[in-house]
file my_file26.pdb (PDB, C-alpha atoms)
ATOM      1  CA  MET A 229     150.246   1.633  31.514
ATOM      2  CA  LYS A 230     148.680  -1.782  31.098
ATOM      3  CA  GLU A 231     147.702  -3.896  28.113
ATOM      4  CA  ILE A 232     144.416  -5.714  28.588
ATOM      5  CA  GLN A 233     144.050  -8.897  26.532
ATOM      6  CA  ILE A 234     140.483 -10.187  26.418
ATOM      7  CA  PHE A 235     139.655 -13.609  24.954
ATOM      8  CA  VAL A 236     135.924 -14.095  24.332
ATOM      9  CA  PRO A 237     133.585 -15.805  21.872
ATOM     10  CA  ASP A 238     133.042 -13.834  18.665
ATOM     11  CA  HIS A 239     129.514 -12.769  19.620
ATOM     12  CA  ALA A 240     130.795 -10.913  22.731
ATOM     13  CA  LEU A 241     132.898  -8.444  20.698
ATOM     14  CA  ASN A 242     130.161  -5.808  20.491
ATOM     15  CA  ASP A 243     129.472  -5.962  24.240
ATOM     16  CA  VAL A 244     133.144  -5.401  25.052
ATOM     17  CA  ASN A 245     133.417  -2.664  22.429
ATOM     18  CA  ASP A 246     130.454  -0.816  23.994
ATOM     19  CA  ILE A 247     132.086  -0.999  27.439
ATOM     20  CA  LEU A 248     135.379   0.334  26.050
ATOM     21  CA  LYS A 249     133.623   3.250  24.325
ATOM     22  CA  LYS A 250     131.665   4.161  27.468
ATOM     23  CA  SER A 251     134.910   3.976  29.470
ATOM     24  CA  GLN A 252     136.518   6.376  26.981
ATOM     25  CA  VAL A 253     139.246   3.943  25.949
ATOM     26  CA  GLY A 254     140.771   5.531  22.875
ATOM     27  CA  GLY A 255     141.789   2.538  20.783
ATOM     28  CA  MET A 256     141.178  -1.164  20.427
ATOM     29  CA  SER A 257     142.421  -3.995  18.238
ATOM     30  CA  HIS A 258     140.665  -7.299  17.751
ATOM     31  CA  TYR A 259     141.611 -10.505  16.000
ATOM     32  CA  ARG A 260     139.796 -13.694  15.045
ATOM     33  CA  ILE A 261     141.726 -16.548  16.611
ATOM     34  CA  HIS A 262     141.284 -20.250  17.307
ATOM     35  CA  GLY A 263     142.366 -21.986  20.485
ATOM     36  CA  ARG A 264     141.557 -24.665  22.983
ATOM     37  CA  GLY A 265     140.807 -24.462  26.655
ATOM     38  CA  SER A 266     138.113 -25.515  29.073
ATOM     39  CA  ALA A 267     135.216 -24.874  26.652
ATOM     40  CA  LYS A 268     134.336 -27.851  24.489
ATOM     41  CA  PRO A 269     133.899 -27.144  20.760
ATOM     42  CA  ALA A 270     130.460 -27.811  19.286
ATOM     43  CA  GLU A 271     130.060 -30.552  16.707
ATOM     44  CA  VAL A 272     129.838 -29.379  13.098
ATOM     45  CA  ALA A 273     128.398 -31.061  10.025
ATOM     46  CA  VAL A 274     130.893 -32.051   7.306
ATOM     47  CA  GLY A 275     130.698 -33.910   4.016
ATOM     48  CA  LEU A 276     127.370 -32.532   2.734
ATOM     49  CA  GLY A 277     125.950 -32.771   6.245
ATOM     50  CA  THR A 278     126.192 -36.553   6.390
ATOM     51  CA  MET A 279     128.937 -36.704   9.034
ATOM     52  CA  ARG A 280     129.618 -34.917  12.317
ATOM     53  CA  HIS A 281     133.033 -33.701  13.463
ATOM     54  CA  THR A 282     134.190 -32.121  16.713
ATOM     55  CA  PRO A 283     136.914 -29.575  15.922
ATOM     56  CA  GLU A 284     140.069 -29.410  18.038
ATOM     57  CA  TYR A 285     139.911 -25.619  18.413
ATOM     58  CA  ASN A 286     137.213 -23.069  19.293
ATOM     59  CA  PRO A 287     136.855 -19.812  17.362
ATOM     60  CA  ARG A 288     137.470 -16.818  19.599
ATOM     61  CA  THR A 289     138.082 -13.089  19.426
ATOM     62  CA  LYS A 290     141.146 -11.542  21.048
ATOM     63  CA  ILE A 291     140.719  -7.889  22.003
ATOM     64  CA  GLU A 292     143.723  -5.757  22.940
ATOM     65  CA  VAL A 293     143.698  -2.313  24.556
ATOM     66  CA  VAL A 294     146.356  -0.250  26.319
ATOM     67  CA  ILE A 295     145.079   1.915  29.151
ATOM     68  CA  ARG A 296     146.293   3.988  32.078
ATOM     69  CA  ASP A 297     146.969   2.148  35.338
ATOM     70  CA  ASP A 298     144.107   3.933  37.107
ATOM     71  CA  GLN A 299     141.561   2.582  34.571
ATOM     72  CA  VAL A 300     142.362  -1.117  35.021
ATOM     73  CA  ASP A 301     140.185  -2.103  37.985
ATOM     74  CA  SER A 302     137.139  -0.201  36.774
ATOM     75  CA  LEU A 303     137.388  -1.622  33.261
ATOM     76  CA  LEU A 304     137.870  -5.209  34.469
ATOM     77  CA  HIS A 305     134.825  -4.954  36.756
ATOM     78  CA  LYS A 306     132.649  -3.550  33.958
ATOM     79  CA  ILE A 307     133.644  -6.297  31.516
ATOM     80  CA  VAL A 308     133.232  -9.133  34.010
ATOM     81  CA  ASP A 309     129.895  -7.774  35.285
ATOM     82  CA  LYS A 310     128.541  -7.539  31.728
ATOM     83  CA  LEU A 311     129.698 -10.974  30.546
ATOM     84  CA  ARG A 312     129.460 -13.075  33.723
ATOM     85  CA  GLY A 313     126.423 -15.276  34.082
ATOM     86  CA  SER A 314     125.923 -15.621  30.342
ATOM     87  CA  ASP A 315     127.253 -18.426  28.164
ATOM     88  CA  ILE A 316     130.554 -16.558  27.775
ATOM     89  CA  VAL A 317     133.686 -18.593  28.394
ATOM     90  CA  GLY A 318     136.805 -16.461  28.236
ATOM     91  CA  LYS A 319     139.816 -14.986  29.932
ATOM     92  CA  ILE A 320     141.309 -11.556  30.618
ATOM     93  CA  PHE A 321     145.030 -10.948  31.062
ATOM     94  CA  VAL A 322     146.694  -7.740  32.244
ATOM     95  CA  VAL A 323     150.265  -7.053  31.107
ATOM     96  CA  ASP A 324     152.604  -4.171  32.005
ATOM     97  CA  VAL A 325     153.520  -1.809  29.162
ATOM     98  CA  PRO A 326     156.776  -0.065  30.049
ATOM     99  CA  VAL A 327     157.045   2.119  26.921
ATOM    100  CA  ALA A 328     154.585   3.586  24.422
ATOM    101  CA  VAL A 329     155.402   5.959  21.559
ATOM    102  CA  ASP A 330     152.959   7.714  19.215
ATOM    103  CA  ILE A 331     154.740   7.629  15.861
ATOM    104  CA  ARG A 332     153.014  10.686  14.394
ATOM    105  CA  SER A 333     153.379  13.067  17.350
ATOM    106  CA  ASN A 334     156.426  11.448  19.006
ATOM    107  CA  LYS A 335     154.597  11.584  22.360
ATOM    108  CA  THR A 336     155.674   8.957  24.872
ATOM    109  CA  GLY A 337     154.159   7.222  27.897
ATOM    110  CA  GLU A 338     150.501   7.848  28.732
ATOM    111  CA  ALA A 339     150.495  10.899  26.456
ATOM    112  CA  ALA A 340     150.895   8.488  23.526
ATOM    113  CA  LEU A 341     147.547   6.868  24.336
TER     114      LEU A 341
END
call {"tool": "encode", "arguments": {"input": "my_file26.pdb", "output": "structure tokens"}}
result
Amino acid sequence: MKEIQIFVPDHALNDVNDILKKSQVGGMSHYRIHGRGSAKPAEVAVGLGTMRHTPEYNPRTKIEVVIRDDQVDSLLHKIVDKLRGSDIVGKIFVVDVPVAVDIRSNKTGEAAL
């Protein structure tokens, strides 16, 4: 099993969610986060709009899913194909998941997904 961590701008959440649904990924978590990287934050108005400020961190959404090993390549290609070429700046990380347990049914491994 693999955990896919997807870091994208907030407005890309629905696109990724649609891909996950069409790929029959059973569950997803997402979080509103702030971070810094290669994308430069946009200036924002502060102080009744009389001053401009460039924030240190960009708002982002982190999406987490755990999937079977055989779904990884297909899912990565679908996400990248959908988001590439647009104004999306983000990253995807793939992490091994050695153990998974469904608390309600006590199923383990891929059966827990």
call {"tool": "resolve_selection", "arguments": {"input": "my_file26.pdb", "expression": "the PyMOL selection byres ((chain A and resi 233) around 12)", "output": "PDB file with C-alpha atoms, in the coordinates of the input"}}
result
ATOM      1  CA  LYS A 230     148.680  -1.782  31.098  1.00  0.00           C
ATOM      2  CA  GLU A 231     147.702  -3.896  28.113  1.00  0.00           C
ATOM      3  CA  ILE A 232     144.416  -5.714  28.588  1.00  0.00           C
ATOM      4  CA  ILE A 234     140.483 -10.187  26.418  1.00  0.00           C
ATOM      5  CA  PHE A 235     139.655 -13.609  24.954  1.00  0.00           C
ATOM      6  CA  VAL A 236     135.924 -14.095  24.332  1.00  0.00           C
ATOM      7  CA  VAL A 244     133.144  -5.401  25.052  1.00  0.00           C
ATOM      8  CA  MET A 256     141.178  -1.164  20.427  1.00  0.00           C
ATOM      9  CA  SER A 257     142.421  -3.995  18.238  1.00  0.00           C
ATOM     10  CA  HIS A 258     140.665  -7.299  17.751  1.00  0.00           C
ATOM     11  CA  TYR A 259     141.611 -10.505  16.000  1.00  0.00           C
ATOM     12  CA  THR A 289     138.082 -13.089  19.426  1.00  0.00           C
ATOM     13  CA  LYS A 290     141.146 -11.542  21.048  1.00  0.00           C
ATOM     14  CA  ILE A 291     140.719  -7.889  22.003  1.00  0.00           C
ATOM     15  CA  GLU A 292     143.723  -5.757  22.940  1.00  0.00           C
ATOM     16  CA  VAL A 293     143.698  -2.313  24.556  1.00  0.00           C
ATOM     17  CA  VAL A 294     146.356  -0.250  26.319  1.00  0.00           C
ATOM     18  CA  ILE A 295     145.079   1.915  29.151  1.00  0.00           C
ATOM     19  CA  VAL A 300     142.362  -1.117  35.021  1.00  0.00           C
ATOM     20  CA  LEU A 303     137.388  -1.622  33.261  1.00  0.00           C
ATOM     21  CA  LEU A 304     137.870  -5.209  34.469  1.00  0.00           C
ATOM     22  CA  ILE A 307     133.644  -6.297  31.516  1.00  0.00           C
ATOM     23  CA  GLY A 318     136.805 -16.461  28.236  1.00  0.00           C
ATOM     24  CA  LYS A 319     139.816 -14.986  29.932  1.00  0.00           C
ATOM     25  CA  ILE A 320     141.309 -11.556  30.618  1.00  0.00           C
ATOM     26  CA  PHE A 321     145.030 -10.948  31.062  1.00  0.00           C
ATOM     27  CA  VAL A 322     146.694  -7.740  32.244  1.00  0.00           C
ATOM     28  CA  VAL A 323     150.265  -7.053  31.107  1.00  0.00           C
ATOM     29  CA  ASP A 324     152.604  -4.171  32.005  1.00  0.00           C
TER      30      ASP A 324
END
call {"tool": "residues_around", "arguments": {"input": "my_file26.pdb", "residues": "A:Gly265", "least_positions_apart": "4", "cutoff": "10 Å", "atoms": "only C-alpha atoms", "output": "PyMOL selection string"}}
result
chain A and resi 269+284-286+317-318
call {"tool": "residues_around", "arguments": {"input": "my_file26.pdb", "residues": "A:Glu271", "least_positions_apart": "5", "cutoff": "8 Å", "atoms": "only C-alpha atoms", "output": "NGL selection string"}}
result
:A and (280-283)
call {"tool": "atom_distance", "arguments": {"input": "my_file26.pdb", "atom1": "atom CA of A:Lys268", "atom2": "atom CA of A:Leu248"}}
result
28.2 Å
call {"tool": "atom_distance", "arguments": {"input": "my_file26.pdb", "atom1": "atom CA of A:Met229", "atom2": "atom CA of A:Gly337"}}
result
7.7 Å
call {"tool": "closest_residue", "arguments": {"input": "my_file26.pdb", "among": "A:Ala267, A:Val274, A:Met279, A:Ile261", "to": "A:Ile316", "atoms": "all atoms listed in the file"}}
result
A:Ala267
call {"tool": "closest_residue", "arguments": {"input": "my_file26.pdb", "among": "A:His305, A:Arg288, A:Arg312, A:Arg296", "to": "A:Gly263", "atoms": "only C-alpha atoms"}}
result
A:Arg288
call {"tool": "atom_distance", "arguments": {"input": "my_file26.pdb", "atom1": "atom CA of A:Gly313", "atom2": "atom CA of A:Gln252"}}
result
24.9 Å
call {"tool": "closest_residue", "arguments": {"input": "my_file26.pdb", "among": "A:Lys306, A:Ser314, A:Ser333, A:Pro287", "to": "A:Ile247", "atoms": "all atoms listed in the file"}}
result
A:Lys306
call {"tool": "decode", "arguments": {"input": "my_file26.pdb", "residues": "chain A", "atoms": "C-alpha atoms", "output": "PDB file, in the first residue's frame"}}
result
ATOM      1  CA  MET A 229       0.000   0.000   0.000  1.00  0.00           C
ATOM      2  CA  LYS A 230       1.068   3.571  -0.626  1.00  0.00           C
ATOM      3  CA  GLU A 231       0.082   6.921   0.837  1.00  0.00           C
ATOM      4  CA  ILE A 232      -0.169   9.665  -1.759  1.00  0.00           C
ATOM      5  CA  GLN A 233       0.375  13.183  -0.409  1.00  0.00           C
ATOM      6  CA  ILE A 234      -0.701  15.888  -2.843  1.00  0.00           C
ATOM      7  CA  PHE A 235       0.114  19.560  -2.218  1.00  0.00           C
ATOM      8  CA  VAL A 236      -1.846  21.922  -4.480  1.00  0.00           C
ATOM      9  CA  PRO A 237      -3.453  25.366  -4.393  1.00  0.00           C
ATOM     10  CA  ASP A 238      -6.877  25.407  -2.738  1.00  0.00           C
ATOM     11  CA  HIS A 239      -8.743  25.805  -6.032  1.00  0.00           C
ATOM     12  CA  ALA A 240      -7.370  22.465  -7.343  1.00  0.00           C
ATOM     13  CA  LEU A 241      -9.056  20.405  -4.593  1.00  0.00           C
ATOM     14  CA  ASN A 242     -12.193  19.691  -6.626  1.00  0.00           C
ATOM     15  CA  ASP A 243     -10.188  18.569  -9.672  1.00  0.00           C
ATOM     16  CA  VAL A 244      -8.190  16.097  -7.586  1.00  0.00           C
ATOM     17  CA  ASN A 245     -11.323  14.918  -5.785  1.00  0.00           C
ATOM     18  CA  ASP A 246     -13.020  14.187  -9.137  1.00  0.00           C
ATOM     19  CA  ILE A 247     -10.007  12.143 -10.282  1.00  0.00           C
ATOM     20  CA  LEU A 248     -10.002  10.157  -7.026  1.00  0.00           C
ATOM     21  CA  LYS A 249     -13.731   9.401  -7.327  1.00  0.00           C
ATOM     22  CA  LYS A 250     -13.391   8.284 -10.958  1.00  0.00           C
ATOM     23  CA  SER A 251     -10.431   6.097  -9.944  1.00  0.00           C
ATOM     24  CA  GLN A 252     -12.600   4.510  -7.239  1.00  0.00           C
ATOM     25  CA  VAL A 253     -10.339   5.586  -4.383  1.00  0.00           C
ATOM     26  CA  GLY A 254     -12.401   4.917  -1.284  1.00  0.00           C
ATOM     27  CA  GLY A 255     -11.297   7.662   1.085  1.00  0.00           C
ATOM     28  CA  MET A 256      -9.532  10.992   1.134  1.00  0.00           C
ATOM     29  CA  SER A 257      -8.473  13.547   3.723  1.00  0.00           C
ATOM     30  CA  HIS A 258      -7.612  17.148   2.999  1.00  0.00           C
ATOM     31  CA  TYR A 259      -6.207  19.951   5.098  1.00  0.00           C
ATOM     32  CA  ARG A 260      -5.729  23.685   4.642  1.00  0.00           C
ATOM     33  CA  ILE A 261      -2.047  24.378   5.175  1.00  0.00           C
ATOM     34  CA  HIS A 262       0.436  27.192   4.630  1.00  0.00           C
ATOM     35  CA  GLY A 263       3.970  26.730   3.371  1.00  0.00           C
ATOM     36  CA  ARG A 264       6.720  28.163   1.260  1.00  0.00           C
ATOM     37  CA  GLY A 265       8.427  26.822  -1.801  1.00  0.00           C
ATOM     38  CA  SER A 266       9.172  27.884  -5.341  1.00  0.00           C
ATOM     39  CA  ALA A 267       5.853  29.727  -5.847  1.00  0.00           C
ATOM     40  CA  LYS A 268       5.946  33.365  -4.813  1.00  0.00           C
ATOM     41  CA  PRO A 269       3.042  34.565  -2.639  1.00  0.00           C
ATOM     42  CA  ALA A 270       0.828  37.290  -4.096  1.00  0.00           C
ATOM     43  CA  GLU A 271       0.766  40.695  -2.445  1.00  0.00           C
ATOM     44  CA  VAL A 272      -2.244  41.380  -0.227  1.00  0.00           C
ATOM     45  CA  ALA A 273      -3.784  44.641   0.931  1.00  0.00           C
ATOM     46  CA  VAL A 274      -3.548  45.396   4.668  1.00  0.00           C
ATOM     47  CA  GLY A 275      -4.479  48.311   6.894  1.00  0.00           C
ATOM     48  CA  LEU A 276      -7.785  49.302   5.248  1.00  0.00           C
ATOM     49  CA  GLY A 277      -6.241  48.685   1.838  1.00  0.00           C
ATOM     50  CA  THR A 278      -3.694  51.475   2.171  1.00  0.00           C
ATOM     51  CA  MET A 279      -0.621  49.225   2.382  1.00  0.00           C
ATOM     52  CA  ARG A 280       0.596  46.145   0.519  1.00  0.00           C
ATOM     53  CA  HIS A 281       2.261  43.139   2.146  1.00  0.00           C
ATOM     54  CA  THR A 282       3.827  40.014   0.667  1.00  0.00           C
ATOM     55  CA  PRO A 283       3.155  37.091   3.019  1.00  0.00           C
ATOM     56  CA  GLU A 284       5.922  34.624   3.866  1.00  0.00           C
ATOM     57  CA  TYR A 285       3.725  31.571   3.239  1.00  0.00           C
ATOM     58  CA  ASN A 286       1.316  30.454   0.500  1.00  0.00           C
ATOM     59  CA  PRO A 287      -2.040  28.871   1.334  1.00  0.00           C
ATOM     60  CA  ARG A 288      -2.233  25.311   0.056  1.00  0.00           C
ATOM     61  CA  THR A 289      -4.331  22.179   0.367  1.00  0.00           C
ATOM     62  CA  LYS A 290      -2.761  18.878   1.390  1.00  0.00           C
ATOM     63  CA  ILE A 291      -4.660  15.817   0.181  1.00  0.00           C
ATOM     64  CA  GLU A 292      -3.894  12.369   1.588  1.00  0.00           C
ATOM     65  CA  VAL A 293      -5.062   9.010   0.235  1.00  0.00           C
ATOM     66  CA  VAL A 294      -3.931   5.433   0.832  1.00  0.00           C
ATOM     67  CA  ILE A 295      -4.209   3.149  -2.175  1.00  0.00           C
ATOM     68  CA  ARG A 296      -3.114  -0.253  -3.425  1.00  0.00           C
ATOM     69  CA  ASP A 297       0.329  -0.482  -5.028  1.00  0.00           C
ATOM     70  CA  ASP A 298      -1.156  -1.294  -8.440  1.00  0.00           C
ATOM     71  CA  GLN A 299      -3.135   1.995  -8.477  1.00  0.00           C
ATOM     72  CA  VAL A 300      -0.174   4.336  -7.949  1.00  0.00           C
ATOM     73  CA  ASP A 301       1.120   4.880 -11.489  1.00  0.00           C
ATOM     74  CA  SER A 302      -2.324   5.301 -13.013  1.00  0.00           C
ATOM     75  CA  LEU A 303      -3.436   7.760 -10.342  1.00  0.00           C
ATOM     76  CA  LEU A 304      -0.249   9.845 -10.570  1.00  0.00           C
ATOM     77  CA  HIS A 305      -0.568  10.100 -14.365  1.00  0.00           C
ATOM     78  CA  LYS A 306      -4.221  11.169 -14.140  1.00  0.00           C
ATOM     79  CA  ILE A 307      -3.491  13.878 -11.564  1.00  0.00           C
ATOM     80  CA  VAL A 308      -0.444  15.251 -13.372  1.00  0.00           C
ATOM     81  CA  ASP A 309      -2.203  15.197 -16.765  1.00  0.00           C
ATOM     82  CA  LYS A 310      -5.175  17.119 -15.345  1.00  0.00           C
ATOM     83  CA  LEU A 311      -3.180  19.767 -13.463  1.00  0.00           C
ATOM     84  CA  ARG A 312      -0.089  20.201 -15.659  1.00  0.00           C
ATOM     85  CA  GLY A 313      -0.047  23.178 -17.968  1.00  0.00           C
ATOM     86  CA  SER A 314      -2.339  25.235 -15.761  1.00  0.00           C
ATOM     87  CA  ASP A 315      -1.245  27.725 -13.117  1.00  0.00           C
ATOM     88  CA  ILE A 316      -0.965  24.899 -10.573  1.00  0.00           C
ATOM     89  CA  VAL A 317       2.248  24.789  -8.574  1.00  0.00           C
ATOM     90  CA  GLY A 318       2.413  21.744  -6.338  1.00  0.00           C
ATOM     91  CA  LYS A 319       4.044  18.493  -5.399  1.00  0.00           C
ATOM     92  CA  ILE A 320       3.093  14.832  -5.009  1.00  0.00           C
ATOM     93  CA  PHE A 321       4.865  12.452  -2.642  1.00  0.00           C
ATOM     94  CA  VAL A 322       4.436   8.679  -2.451  1.00  0.00           C
ATOM     95  CA  VAL A 323       5.132   6.965   0.880  1.00  0.00           C
ATOM     96  CA  ASP A 324       5.074   3.254   1.777  1.00  0.00           C
ATOM     97  CA  VAL A 325       2.366   2.164   4.222  1.00  0.00           C
ATOM     98  CA  PRO A 326       3.469  -1.076   5.873  1.00  0.00           C
ATOM     99  CA  VAL A 327       0.371  -1.609   8.052  1.00  0.00           C
ATOM    100  CA  ALA A 328      -3.284  -0.582   7.862  1.00  0.00           C
ATOM    101  CA  VAL A 329      -6.062  -1.627  10.247  1.00  0.00           C
ATOM    102  CA  ASP A 330      -9.792  -0.898   9.944  1.00  0.00           C
ATOM    103  CA  ILE A 331     -10.859  -0.258  13.533  1.00  0.00           C
ATOM    104  CA  ARG A 332     -14.505  -1.246  13.068  1.00  0.00           C
ATOM    105  CA  SER A 333     -14.011  -4.509  11.158  1.00  0.00           C
ATOM    106  CA  ASN A 334     -10.473  -5.337  12.362  1.00  0.00           C
ATOM    107  CA  LYS A 335      -9.462  -5.995   8.734  1.00  0.00           C
ATOM    108  CA  THR A 336      -5.781  -5.479   7.985  1.00  0.00           C
ATOM    109  CA  GLY A 337      -3.653  -4.679   4.938  1.00  0.00           C
ATOM    110  CA  GLU A 338      -5.386  -3.828   1.661  1.00  0.00           C
ATOM    111  CA  ALA A 339      -8.645  -5.269   3.000  1.00  0.00           C
ATOM    112  CA  ALA A 340      -8.718  -2.345   5.451  1.00  0.00           C
ATOM    113  CA  LEU A 341      -8.921   0.133   2.568  1.00  0.00           C
TER     114      LEU A 341
END
